[in-house]
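Data file: input06.cif. Format and content: mmCIF, C-alpha atoms.
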```
data_work
#
loop_
_atom_site.label_atom_id
_atom_site.label_comp_id
_atom_site.auth_asym_id
_atom_site.auth_seq_id
_atom_site.Cartn_x
_atom_site.Cartn_y
_atom_site.Cartn_z
CA MET A 1 67.35 169.64 77.53
CA SER A 2 67.30 170.55 73.83
CA ARG A 3 65.85 168.35 71.13
CA TYR A 4 69.33 168.06 69.65
CA ALA A 5 70.75 166.63 72.90
CA ILE A 6 67.83 164.20 73.25
CA SER A 7 68.27 162.98 69.68
CA LEU A 8 72.01 162.51 70.22
CA LEU A 9 71.38 160.53 73.42
CA CYS A 10 68.87 158.27 71.66
CA PHE A 11 71.33 157.72 68.83
CA ILE A 12 74.08 156.73 71.28
CA CYS A 13 71.71 154.29 73.03
CA LEU A 14 70.77 152.68 69.75
CA VAL A 15 74.43 152.32 68.78
CA CYS A 16 75.26 150.73 72.16
CA ALA A 17 72.32 148.35 71.85
CA GLY A 18 73.45 147.36 68.37
CA VAL A 19 77.01 146.79 69.51
CA SER A 20 75.77 144.69 72.45
CA GLN A 21 73.62 142.60 70.14
CA ILE A 22 76.50 142.11 67.74
CA PHE A 23 78.74 141.08 70.65
CA ALA A 24 76.08 138.69 71.94
CA ASP A 25 75.66 137.20 68.48
CA SER A 26 79.40 136.74 68.14
CA GLN A 27 79.48 135.02 71.53
CA SER A 28 76.68 132.63 70.53
CA ARG A 29 78.34 131.95 67.20
CA ARG A 30 80.80 129.63 68.84
CA GLY A 31 80.88 125.92 69.47
CA PHE A 32 83.01 123.76 71.75
CA LEU A 33 84.85 120.64 70.65
CA LEU A 34 85.64 117.92 73.20
CA GLU A 35 87.72 114.86 72.45
CA ILE A 36 87.12 111.56 74.23
CA SER A 37 89.79 109.04 73.36
CA GLY A 38 90.25 105.81 75.27
CA ALA A 39 88.30 104.28 78.12
CA ILE A 40 85.52 106.33 79.70
CA GLY A 41 86.01 106.88 83.44
CA PRO A 42 85.39 109.38 86.23
CA ALA A 43 87.81 111.90 84.68
CA THR A 44 85.86 111.80 81.39
CA ALA A 45 82.58 112.49 83.19
CA ASP A 46 84.15 115.39 85.08
CA TYR A 47 85.66 116.78 81.85
CA LEU A 48 82.28 116.72 80.07
CA ASP A 49 80.41 118.20 83.04
CA ARG A 50 82.80 121.15 83.39
CA THR A 51 82.79 121.89 79.66
CA LEU A 52 78.98 121.73 79.38
CA GLU A 53 78.65 124.07 82.36
CA LYS A 54 81.01 126.52 80.67
CA ALA A 55 79.10 126.19 77.39
CA GLU A 56 75.79 126.92 79.12
CA ASN A 57 77.19 129.95 80.93
CA GLU A 58 78.59 131.37 77.70
CA ALA A 59 75.51 130.46 75.64
CA VAL A 60 77.45 128.75 72.84
CA GLU A 61 75.59 127.22 69.92
CA LEU A 62 76.54 123.58 70.46
CA VAL A 63 79.10 121.16 71.89
CA VAL A 64 80.66 118.55 69.61
CA LEU A 65 81.74 115.40 71.46
CA GLN A 66 84.29 113.67 69.23
CA MET A 67 84.61 110.04 70.37
CA ASP A 68 86.92 107.12 69.83
CA THR A 69 86.34 104.76 72.74
CA PRO A 70 86.20 101.02 73.48
CA GLY A 71 83.74 101.72 76.32
CA GLY A 72 84.17 102.39 80.00
CA LEU A 73 82.67 102.29 83.45
CA ASP A 74 78.90 102.07 83.79
CA THR A 75 78.76 104.70 86.56
CA SER A 76 80.74 107.22 84.52
CA MET A 77 78.69 106.50 81.39
CA ARG A 78 75.41 107.11 83.22
CA ALA A 79 76.74 110.34 84.75
CA ILE A 80 77.64 111.57 81.25
CA ILE A 81 74.24 110.64 79.84
CA LYS A 82 72.37 112.38 82.67
CA ARG A 83 74.41 115.52 82.02
CA ILE A 84 73.74 115.43 78.26
CA ILE A 85 69.99 114.99 78.75
CA ALA A 86 69.89 117.94 81.18
CA SER A 87 72.10 120.14 79.00
CA ARG A 88 70.70 123.48 77.83
CA VAL A 89 73.19 123.37 74.94
CA ALA A 90 72.86 120.89 72.07
CA VAL A 91 75.35 118.02 72.28
CA VAL A 92 76.48 116.40 69.04
CA SER A 93 78.28 113.07 69.43
CA TYR A 94 80.62 112.49 66.51
CA VAL A 95 82.51 109.21 66.10
CA ALA A 96 85.70 110.28 64.36
CA PRO A 97 88.20 110.21 62.75
CA SER A 98 87.85 107.37 60.26
CA GLY A 99 88.81 104.12 61.95
CA ALA A 100 87.41 105.22 65.31
CA ARG A 101 84.67 103.41 67.23
CA ALA A 102 81.99 104.03 69.82
CA ALA A 103 81.74 100.62 71.43
CA SER A 104 79.94 99.65 74.63
CA ALA A 105 79.50 102.85 76.71
CA GLY A 106 80.15 104.94 73.60
CA THR A 107 77.01 103.50 71.98
CA TYR A 108 74.84 104.57 74.92
CA ILE A 109 76.30 108.10 74.83
CA LEU A 110 75.71 108.26 71.07
CA TYR A 111 72.04 107.33 71.59
CA ALA A 112 71.62 109.92 74.37
CA SER A 113 73.03 112.84 72.36
CA HIS A 114 70.81 115.37 70.63
CA VAL A 115 72.50 114.57 67.32
CA ALA A 116 74.41 111.34 66.57
CA ALA A 117 76.98 111.45 63.76
CA MET A 118 79.76 109.21 62.51
CA ALA A 119 82.65 109.53 60.10
CA PRO A 120 83.03 107.00 57.27
CA ALA A 121 84.84 103.75 58.22
CA THR A 122 83.80 103.95 61.86
CA ASN A 123 81.60 101.61 63.89
CA LEU A 124 79.45 101.39 66.99
CA GLY A 125 77.79 98.67 69.08
CA ALA A 126 78.95 95.71 71.18
CA ALA A 127 77.16 97.21 74.18
CA THR A 128 76.71 94.05 76.27
CA PRO A 129 77.64 94.70 79.94
CA VAL A 130 80.83 92.91 81.04
CA SER A 131 81.05 94.12 84.64
CA LEU A 132 80.28 90.65 85.99
CA GLY A 133 83.32 89.04 84.51
CA GLY A 134 82.71 88.72 80.78
CA LEU A 135 80.00 88.01 78.25
CA PRO A 136 77.42 85.37 79.14
CA LYS A 137 77.75 82.02 77.43
CA SER A 138 74.30 82.39 75.95
CA THR A 139 72.26 85.55 75.82
CA PRO A 140 68.64 85.12 76.89
CA GLU A 141 66.02 85.78 74.21
CA ARG A 142 63.20 88.20 74.94
CA GLY A 143 60.31 86.14 76.29
CA ASN A 144 62.59 83.17 76.91
CA SER A 145 62.10 81.24 80.13
CA GLY A 146 65.80 81.59 80.85
CA ASP A 147 66.71 77.88 80.56
CA GLU A 148 70.34 77.15 79.79
CA ALA A 149 71.41 76.03 76.37
CA GLU A 150 72.03 72.35 75.93
CA GLY A 151 75.37 71.29 77.34
CA GLU A 152 75.86 74.54 79.25
CA GLN A 153 76.74 74.06 82.92
CA ALA A 154 76.82 77.68 84.15
CA PRO A 155 75.51 78.11 87.71
CA ALA A 156 71.94 79.38 87.95
CA ALA A 157 72.97 82.25 90.21
CA THR A 158 75.46 83.54 87.64
CA ASP A 159 72.85 83.31 84.87
CA ALA A 160 70.33 85.19 86.99
CA LYS A 161 72.80 87.99 87.76
CA MET A 162 73.86 88.35 84.14
CA SER A 163 70.26 88.27 82.93
CA LYS A 164 69.40 90.98 85.43
CA VAL A 165 72.20 93.24 84.23
CA VAL A 166 71.45 92.66 80.53
CA ASN A 167 67.75 93.35 81.01
CA ASP A 168 68.50 96.57 82.85
CA ALA A 169 70.93 97.71 80.14
CA SER A 170 68.43 96.83 77.38
CA ALA A 171 65.67 98.84 79.03
CA TYR A 172 68.05 101.75 79.54
CA ILE A 173 69.21 101.98 75.92
CA ARG A 174 65.63 101.54 74.63
CA SER A 175 64.55 104.50 76.76
CA LEU A 176 67.36 106.58 75.25
CA ALA A 177 66.32 105.49 71.75
CA ALA A 178 62.71 106.53 72.45
CA LEU A 179 63.90 109.89 73.81
CA ARG A 180 65.84 110.70 70.61
CA ASN A 181 63.53 108.83 68.20
CA ARG A 182 66.19 106.34 67.09
CA ASN A 183 66.12 102.63 66.27
CA ALA A 184 65.28 100.95 69.60
CA ASP A 185 65.23 97.35 68.30
CA TRP A 186 68.79 97.49 67.03
CA ALA A 187 69.87 99.22 70.25
CA GLU A 188 68.56 96.26 72.22
CA SER A 189 70.34 93.81 69.94
CA ALA A 190 73.59 95.71 70.56
CA VAL A 191 73.10 94.95 74.25
CA ARG A 192 71.72 91.41 74.10
CA ASP A 193 73.67 90.09 71.11
CA ALA A 194 76.68 92.46 71.09
CA ALA A 195 75.69 93.59 67.57
CA SER A 196 77.82 96.18 65.76
CA LEU A 197 77.26 98.45 62.76
CA SER A 198 79.33 100.48 60.35
CA ALA A 199 78.55 104.17 59.85
CA ASP A 200 76.63 103.68 56.57
CA GLU A 201 74.58 100.79 57.98
CA ALA A 202 73.81 102.78 61.12
CA LEU A 203 72.51 105.67 58.99
CA LYS A 204 70.28 103.35 56.95
CA LEU A 205 68.79 101.74 60.07
CA GLY A 206 68.09 105.04 61.79
CA VAL A 207 70.62 104.47 64.54
CA ILE A 208 72.42 107.76 63.82
CA ASP A 209 71.36 111.01 62.20
CA LEU A 210 74.11 111.67 59.69
CA VAL A 211 77.51 110.65 58.30
CA ALA A 212 80.14 113.38 57.92
CA ALA A 213 83.67 113.00 56.58
CA ASP A 214 85.07 115.83 58.70
CA LEU A 215 84.10 118.59 61.12
CA GLU A 216 83.37 121.07 58.32
CA SER A 217 80.98 118.63 56.68
CA LEU A 218 79.36 117.95 60.03
CA LEU A 219 78.68 121.63 60.68
CA SER A 220 77.30 122.06 57.18
CA GLN A 221 74.79 119.23 57.69
CA LEU A 222 73.83 120.44 61.16
CA ASP A 223 72.82 123.90 59.94
CA GLY A 224 69.05 124.30 60.24
CA ARG A 225 68.53 121.00 62.12
CA GLN A 226 66.02 121.17 64.96
CA VAL A 227 66.83 119.62 68.35
CA GLU A 228 64.83 119.22 71.56
CA LEU A 229 66.36 120.82 74.66
CA PRO A 230 64.95 120.94 78.20
CA LEU A 231 63.73 124.52 77.58
CA GLY A 232 62.12 123.68 74.23
CA SER A 233 63.00 123.21 70.57
CA LYS A 234 65.99 124.92 69.01
CA THR A 235 67.10 125.26 65.41
CA LEU A 236 70.85 124.97 65.07
CA SER A 237 72.68 127.69 63.18
CA THR A 238 76.12 126.33 62.37
CA LYS A 239 77.00 128.24 59.24
CA ASP A 240 80.40 129.92 59.75
CA LEU A 241 80.39 128.68 63.35
CA GLN A 242 83.71 129.09 65.15
CA ILE A 243 84.70 125.84 66.85
CA GLU A 244 86.91 126.06 69.94
CA LYS A 245 88.75 122.98 71.11
CA HIS A 246 88.52 122.58 74.90
CA LEU A 247 91.10 120.45 76.67
CA PRO A 248 90.61 119.14 80.24
CA ASP A 249 91.48 121.70 82.93
CA TRP A 250 93.93 120.96 85.75
CA GLN A 251 91.19 119.55 88.01
CA SER A 252 90.06 117.05 85.40
CA GLN A 253 93.67 116.14 84.64
CA LEU A 254 94.38 115.60 88.35
CA LEU A 255 91.27 113.44 88.64
CA SER A 256 92.40 111.45 85.61
CA ILE A 257 95.76 110.77 87.25
CA ILE A 258 94.35 109.88 90.66
CA SER A 259 91.60 107.63 89.29
CA ASN A 260 94.12 105.51 87.40
CA PRO A 261 93.71 102.11 89.13
CA ASN A 262 97.45 101.42 89.15
CA LEU A 263 98.23 104.76 90.80
CA ALA A 264 95.37 104.37 93.28
CA TYR A 265 96.76 100.93 94.16
CA ILE A 266 100.25 102.35 94.73
CA LEU A 267 98.85 105.23 96.81
CA MET A 268 96.99 102.74 98.99
CA LEU A 269 100.14 100.69 99.64
CA VAL A 270 102.26 103.78 100.32
CA GLY A 271 99.60 104.95 102.75
CA ILE A 272 99.37 101.65 104.61
CA TYR A 273 103.13 101.08 104.86
CA GLY A 274 103.68 104.71 105.86
CA LEU A 275 101.21 104.44 108.73
CA ILE A 276 102.66 101.10 109.83
CA TYR A 277 106.15 102.63 109.95
CA GLU A 278 104.82 105.63 111.87
CA PHE A 279 103.09 103.43 114.46
CA ALA A 280 106.21 101.28 114.81
CA ASN A 281 108.43 104.36 115.19
CA PRO A 282 106.34 107.10 116.84
CA GLY A 283 107.57 110.59 116.14
CA SER A 284 108.94 109.91 112.63
CA ILE A 285 106.28 112.36 111.33
CA VAL A 286 107.24 112.23 107.62
CA PRO A 287 106.15 108.59 106.97
CA GLY A 288 102.91 109.17 108.84
CA THR A 289 102.15 112.42 106.99
CA VAL A 290 102.92 110.99 103.55
CA GLY A 291 101.04 107.80 104.40
CA ALA A 292 97.91 109.62 105.58
CA ILE A 293 97.79 111.85 102.47
CA SER A 294 98.40 108.89 100.13
CA LEU A 295 95.74 106.78 101.83
CA LEU A 296 93.13 109.56 101.63
CA LEU A 297 93.84 110.08 97.91
CA ALA A 298 93.56 106.33 97.36
CA LEU A 299 90.22 106.18 99.19
CA TYR A 300 88.93 109.05 97.03
CA ALA A 301 90.01 107.19 93.89
CA PHE A 302 88.40 103.98 95.14
CA HIS A 303 85.18 105.91 95.70
CA LEU A 304 85.14 106.69 91.97
CA LEU A 305 86.21 103.23 90.78
CA PRO A 306 84.26 99.93 90.86
CA ILE A 307 86.14 98.46 93.82
CA ASN A 308 85.61 94.94 95.18
CA TYR A 309 85.89 95.39 98.94
CA ALA A 310 86.67 91.71 99.40
CA GLY A 311 89.87 92.51 97.49
CA VAL A 312 90.62 95.42 99.84
CA ALA A 313 90.08 93.13 102.85
CA LEU A 314 92.42 90.48 101.42
CA ILE A 315 95.13 93.07 100.75
CA LEU A 316 94.89 94.39 104.31
CA LEU A 317 94.94 90.83 105.66
CA GLY A 318 97.99 90.00 103.54
CA ILE A 319 99.90 93.06 104.72
CA SER A 320 98.92 92.34 108.33
CA LEU A 321 100.20 88.76 108.08
CA MET A 322 103.49 89.87 106.52
CA VAL A 323 103.97 92.50 109.22
CA ALA A 324 103.11 89.91 111.88
CA GLU A 325 105.84 87.68 110.46
CA ALA A 326 108.37 90.36 111.34
CA PHE A 327 107.25 90.48 114.98
CA ILE A 328 106.13 86.88 115.52
CA PRO A 329 108.49 84.70 113.44
CA SER A 330 106.60 81.61 112.29
CA PHE A 331 109.30 80.41 109.87
CA GLY A 332 107.31 81.54 106.84
CA THR A 333 103.75 80.41 107.66
CA LEU A 334 102.33 83.88 108.26
CA GLY A 335 104.49 85.47 105.57
CA ILE A 336 103.58 83.03 102.79
CA GLY A 337 99.90 83.24 103.72
CA GLY A 338 100.18 87.01 103.64
CA VAL A 339 101.75 87.05 100.17
CA ILE A 340 99.03 84.74 98.80
CA ALA A 341 96.24 86.85 100.31
CA PHE A 342 97.91 90.02 99.01
CA ILE A 343 98.16 88.74 95.42
CA ILE A 344 94.58 87.40 95.31
CA GLY A 345 93.23 90.63 96.80
CA SER A 346 95.15 92.74 94.27
CA LEU A 347 93.84 90.67 91.35
CA ILE A 348 90.19 91.07 92.34
CA LEU A 349 90.48 94.64 93.67
CA VAL A 350 88.95 96.37 90.62
CA ASP A 351 85.58 94.78 89.89
CA THR A 352 85.39 95.20 86.12
CA ASP A 353 86.72 93.57 82.96
CA GLN A 354 86.67 96.88 81.09
CA ALA A 355 89.96 97.56 79.34
CA GLY A 356 91.99 100.32 80.93
CA PHE A 357 90.62 99.85 84.44
CA GLY A 358 92.51 96.80 85.67
CA ILE A 359 95.60 96.74 87.85
CA SER A 360 98.78 95.80 86.02
CA LEU A 361 99.81 92.22 86.75
CA PRO A 362 103.56 93.06 86.66
CA LEU A 363 102.89 95.76 89.28
CA ILE A 364 101.08 93.29 91.52
CA LEU A 365 103.81 90.68 91.17
CA GLY A 366 106.54 93.27 91.72
CA VAL A 367 105.02 94.48 94.98
CA ALA A 368 104.33 90.91 96.12
CA VAL A 369 107.88 89.74 95.34
CA SER A 370 109.34 92.77 97.13
CA SER A 371 107.23 92.00 100.18
CA ALA A 372 108.25 88.34 100.00
CA PHE A 373 111.95 89.26 99.87
CA LEU A 374 111.45 91.51 102.88
CA MET A 375 109.72 88.65 104.66
CA VAL A 376 112.61 86.25 103.86
CA PHE A 377 115.10 88.81 105.13
CA VAL A 378 113.21 89.16 108.41
CA ILE A 379 112.97 85.36 108.80
CA GLY A 380 116.68 84.97 108.08
CA MET A 381 117.56 87.55 110.70
CA ALA A 382 115.32 85.76 113.21
CA ILE A 383 116.95 82.37 112.56
CA LYS A 384 120.45 83.84 112.86
CA SER A 385 119.54 85.50 116.13
CA ARG A 386 118.65 82.12 117.66
CA HIS A 387 122.23 80.87 117.18
CA ARG A 388 123.96 83.93 118.60
CA PRO A 389 125.31 83.76 122.17
CA VAL A 390 123.31 85.49 124.87
CA VAL A 391 124.93 88.85 125.68
CA SER A 392 122.53 90.24 128.29
CA GLY A 393 120.00 89.26 130.90
CA ARG A 394 119.87 86.50 133.53
CA GLU A 395 121.16 83.77 131.21
CA GLU A 396 124.31 85.69 130.32
CA MET A 397 124.99 86.46 134.02
CA LEU A 398 125.07 82.73 134.90
CA THR A 399 128.02 82.18 132.55
CA SER A 400 130.08 85.14 133.81
CA GLU A 401 132.92 85.52 136.30
CA GLY A 402 133.45 88.23 138.90
CA ILE A 403 136.25 89.54 141.14
CA VAL A 404 135.96 89.66 144.93
CA MET A 405 136.41 93.22 146.19
CA GLU A 406 137.12 92.41 149.90
CA ASP A 407 137.64 89.21 151.90
CA PHE A 408 134.35 87.81 153.12
CA THR A 409 132.54 84.70 154.26
CA GLY A 410 128.79 84.48 153.66
CA GLU A 411 127.91 87.77 151.92
CA GLY A 412 130.15 90.40 150.38
CA ASP A 413 130.69 92.51 147.28
CA ILE A 414 132.04 91.44 143.88
CA ARG A 415 132.67 93.35 140.65
CA ILE A 416 131.20 92.02 137.39
CA HIS A 417 130.92 93.86 134.03
CA GLY A 418 132.07 97.02 135.79
CA GLU A 419 129.17 96.83 138.25
CA VAL A 420 129.24 96.06 141.99
CA TRP A 421 126.89 93.26 143.01
CA ARG A 422 126.12 91.69 146.39
CA ALA A 423 127.21 88.05 146.42
CA HIS A 424 126.72 85.03 148.69
CA SER A 425 129.22 82.19 149.01
CA GLU A 426 129.28 79.09 151.24
CA GLN A 427 133.10 79.19 151.14
CA PRO A 428 135.45 81.94 152.38
CA LEU A 429 136.64 84.24 149.60
CA GLN A 430 139.68 86.52 149.36
CA LYS A 431 140.16 89.92 147.73
CA ASP A 432 140.79 89.80 143.92
CA GLN A 433 139.77 86.12 143.79
CA LEU A 434 137.82 85.03 140.67
CA VAL A 435 134.39 83.63 141.35
CA GLN A 436 131.84 81.88 139.14
CA ILE A 437 128.18 82.99 139.26
CA THR A 438 125.89 79.99 139.72
CA GLY A 439 122.56 81.65 140.40
CA ARG A 440 120.69 84.69 141.58
CA ASP A 441 118.28 85.36 144.40
CA GLY A 442 116.75 88.76 143.72
CA LEU A 443 119.68 91.18 143.69
CA VAL A 444 122.09 88.78 145.42
CA LEU A 445 124.31 86.55 143.25
CA LYS A 446 125.26 83.07 144.29
CA VAL A 447 128.96 82.39 143.64
CA ILE A 448 131.63 79.74 144.05
CA PRO A 449 135.42 80.07 143.74
CA ALA A 450 136.65 79.76 140.15
CA ASP A 451 139.37 77.27 139.23
CA LYS A 452 141.84 80.07 138.58
CA GLU A 453 142.91 83.27 140.26
CA LYS A 454 143.58 86.66 138.76
#
```
Hey, can you dump this file as structure tokens for me?
Amino acid sequence: MSRYAISLLCFICLVCAGVSQIFADSQSRRGFLLEISGAIGPATADYLDRTLEKAENEAVELVVLQMDTPGGLDTSMRAIIKRIIASRVAVVSYVAPSGARAASAGTYILYASHVAAMAPATNLGAATPVSLGGLPKSTPERGNSGDEAEGEQAPAATDAKMSKVVNDASAYIRSLAALRNRNADWAESAVRDAASLSADEALKLGVIDLVAADLESLLSQLDGRQVELPLGSKTLSTKDLQIEKHLPDWQSQLLSIISNPNLAYILMLVGIYGLIYEFANPGSIVPGTVGAISLLLALYAFHLLPINYAGVALILLGISLMVAEAFIPSFGTLGIGGVIAFIIGSLILVDTDQAGFGISLPLILGVAVSSAFLMVFVIGMAIKSRHRPVVSGREEMLTSEGIVMEDFTGEGDIRIHGEVWRAHSEQPLQKDQLVQITGRDGLVLKVIPADKEK
């Protein structure tokens, strides 16, 4: 091969390498923007996990997590934090726009992020756990013996449970503060005393890293900042960074719909009633199929939500009692008990006071009232049936009349309801004579002459 050809080949290789490097640089010169608005739940955790995985695969510069949240479920919050800590891409939590907040679970996520930022006129804090039914009446001091405040009559067991949860949350947020070198003392006060801070105060106290009016200002301040990732330190290069907004994909959207407590509740009821109808009417197929699918989706949603299984048991008991009322009429005793159990179970089904994760009270009452009306209808039909004349069976036969088919004394044949029966009479009977049935011995009717003839 000539020197000219070799030189040309080397030149082409260098050009290709340069183009590849330029392409790689352009790929890394991107950032992802995620928006978390509203309560944090399983769908939010799934949304973040999928986006971070995509960001890592495409080697983007950073992921901006724009938040405006009142808090959310503890399990979902911890899943998000674990994913942020393990992320190979820098995660910047940004409380925005102005007027937004990062309360409760949002505060923990802010502390766990590689960079914590807030827009002016935003706030964070109020991170006291409320999963046990609300804030404690008095928050235990560090080093306190745990005695109740004067005049407080809260049960000791409740105080112990709440103290346990608060201590665990305090230790958790302090560990996050130590990991990111942020103010651990204020973090603990946000948990124990439900403390809150504005953006400027948070910056002064070392709770956050910077205050930025908008995304452009945020990127400008992030340029050159060093962050610690699992693979080592990295200096952010955000100058002229292209930010791509990433919305939840169809899987995350489907999970968001299914994990809605109200929808999960409806799916559970559709599933139960569908299976009951299928068992009562074997071969219907459609109710059983729809019921089985609905019940499986509901169980999947319940797996993701903080469900109180005592509530599930009460709902099942209530439905069972109402169904039993239809088959064993008790003049309302089983039905009313079933409605009460159903309502109580529905109210305590979701074991959290977090906004956005309760079951709608109008929905509960609507389903309960519908079931009660159905129960009243069944009871009414049962009462009416008791006053209707008997139209079949042994009792109806004893009030009927037949016609003698041939003269006989002792045993012979009679016609009744279009059927031929064997009859026994102590008196002689003539053809076409009306007889009254007085009893039955096996398949032989006992008859006497009627007062009238045909």
### Message
Using all atoms listed in the file, can you tell me which of A:Leu305, A:Ala177, A:Ala117, A:Val339 comes closest to Leu321 in chain A?
### Response
A:Val339
### Message
As an exercise, work out the distance from CA of Leu34 in chain A to CA of Leu52 in chain A in Å and give it to one decimal place.
### Response
9.9 Å
### Task
Apply the PyMOL selection byres ((chain A and resi 245) around 12) to the displayed file and report the matching residues as a PyMOL selection string.
chain A and resi 30-36+51+55+63-66+215+242-244+246-248
### Query
Near range 432-447 of chain A, counting only C-alpha atoms, which residues have an atom at most 10 Å away, once you skip same-chain residues fewer than 2 positions from it, shown as a PyMOL selection string?
chain A and resi 394-395+397-407+411-416+421-427+429-430+449-454
### Contacts of range 81-83 of chain A at 8 Å (all atoms listed in the file; same-chain gap of 2+ positions) as a ChimeraX atom specification
/A:49,77-79,85-87,108-109,112-113
Write the residues of the selection above to a file with C-alpha atoms, as a compact mmCIF listing (two decimals), in the coordinates of the input.
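Final file, out_0.txt:
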```
# COMPACT_ATOMS: atom_id res chain seq x y z
CA ASP A 49 80.41 118.20 83.04
CA MET A 77 78.69 106.50 81.39
CA ARG A 78 75.41 107.11 83.22
CA ALA A 79 76.74 110.34 84.75
CA ILE A 85 69.99 114.99 78.75
CA ALA A 86 69.89 117.94 81.18
CA SER A 87 72.10 120.14 79.00
CA TYR A 108 74.84 104.57 74.92
CA ILE A 109 76.30 108.10 74.83
CA ALA A 112 71.62 109.92 74.37
CA SER A 113 73.03 112.84 72.36
```
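Picture a line from CA of Ala212 in chain A to CA of Ala119 in chain A; it runs 5.1 Å.
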Which residues would end up in the selection if the PyMOL selection byres ((chain A and resi 118) around 8) were applied here, given that I need the answer as an mmCIF file with C-alpha atoms, keeping the file's coordinate frame?
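Saved as selection_26.cif:
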```cif
data_model
loop_
_atom_site.group_PDB
_atom_site.id
_atom_site.type_symbol
_atom_site.label_atom_id
_atom_site.label_comp_id
_atom_site.auth_asym_id
_atom_site.auth_seq_id
_atom_site.Cartn_x
_atom_site.Cartn_y
_atom_site.Cartn_z
ATOM 1 C CA TYR A 94 80.620 112.490 66.510
ATOM 2 C CA VAL A 95 82.510 109.210 66.100
ATOM 3 C CA ALA A 96 85.700 110.280 64.360
ATOM 4 C CA ALA A 116 74.410 111.340 66.570
ATOM 5 C CA ALA A 117 76.980 111.450 63.760
ATOM 6 C CA ALA A 119 82.650 109.530 60.100
ATOM 7 C CA PRO A 120 83.030 107.000 57.270
ATOM 8 C CA THR A 122 83.800 103.950 61.860
ATOM 9 C CA ASN A 123 81.600 101.610 63.890
ATOM 10 C CA ALA A 199 78.550 104.170 59.850
ATOM 11 C CA ILE A 208 72.420 107.760 63.820
ATOM 12 C CA LEU A 210 74.110 111.670 59.690
ATOM 13 C CA VAL A 211 77.510 110.650 58.300
ATOM 14 C CA ALA A 212 80.140 113.380 57.920
#
```
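For Ala324 in chain A, the residues within 8 Å (counting all atoms listed in the file, excluding itself and residues fewer than 4 positions away along the chain) are Ser320, Ile328, Pro329, Leu334 and Gly335 of chain A.
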### Query
Expressed in Å to a single decimal, how great is the separation between CA of Trp186 in chain A and CA of Ala126 in chain A?
11.1 Å
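Taking all atoms listed in the file, the non-local environment of Gly288 in chain A within 8 Å (same-chain residues fewer than 3 positions away omitted) comprises Gly274, Leu275, Tyr277, Glu278, Ser284, Ile285, Gly291 and Ala292 of chain A.
Taking only C-alpha atoms into account, those protein, DNA and RNA residues with any atom at most 9 Å away from (87.5, 101.5, 62.1) amount to Pro97, Ser98, Gly99, Ala100, Arg101, Pro120, Ala121, Thr122, Asn123 and Ser198 of chain A.
Applied to the file shown here, the PyMOL selection byres ((chain A and resi 294) around 8) selects A:Leu267, A:Met268, A:Val270, A:Gly271, A:Val290, A:Gly291, A:Ala292, A:Ile293, A:Leu295, A:Leu296, A:Leu297, A:Ala298.
The closest residue to Asn260 in chain A, picked from A:Gly38, A:Gly358, A:Gly311, A:Gly224 and counting all atoms listed in the file, is A:Gly358.
Neighbouring residues of Ile307 in chain A at 12 Å or closer, counting all atoms listed in the file and skipping chain neighbours under 5 positions away, are Leu73, Ser131, Ser259, Pro261, Ala264, Tyr265, Ala298, Leu299, Tyr300, Ala301, Phe302, Val312, Ala313, Gly345, Ser346, Leu347, Ile348, Leu349, Val350, Asp351, Thr352, Asp353, Phe357, Gly358 and Ile359 of chain A.
When all atoms listed in the file are used to compute distances to Gly338 in chain A, the closest of the residues A:Leu365, A:Ala280, A:Ala190, A:Val323 turns out to be A:Val323.
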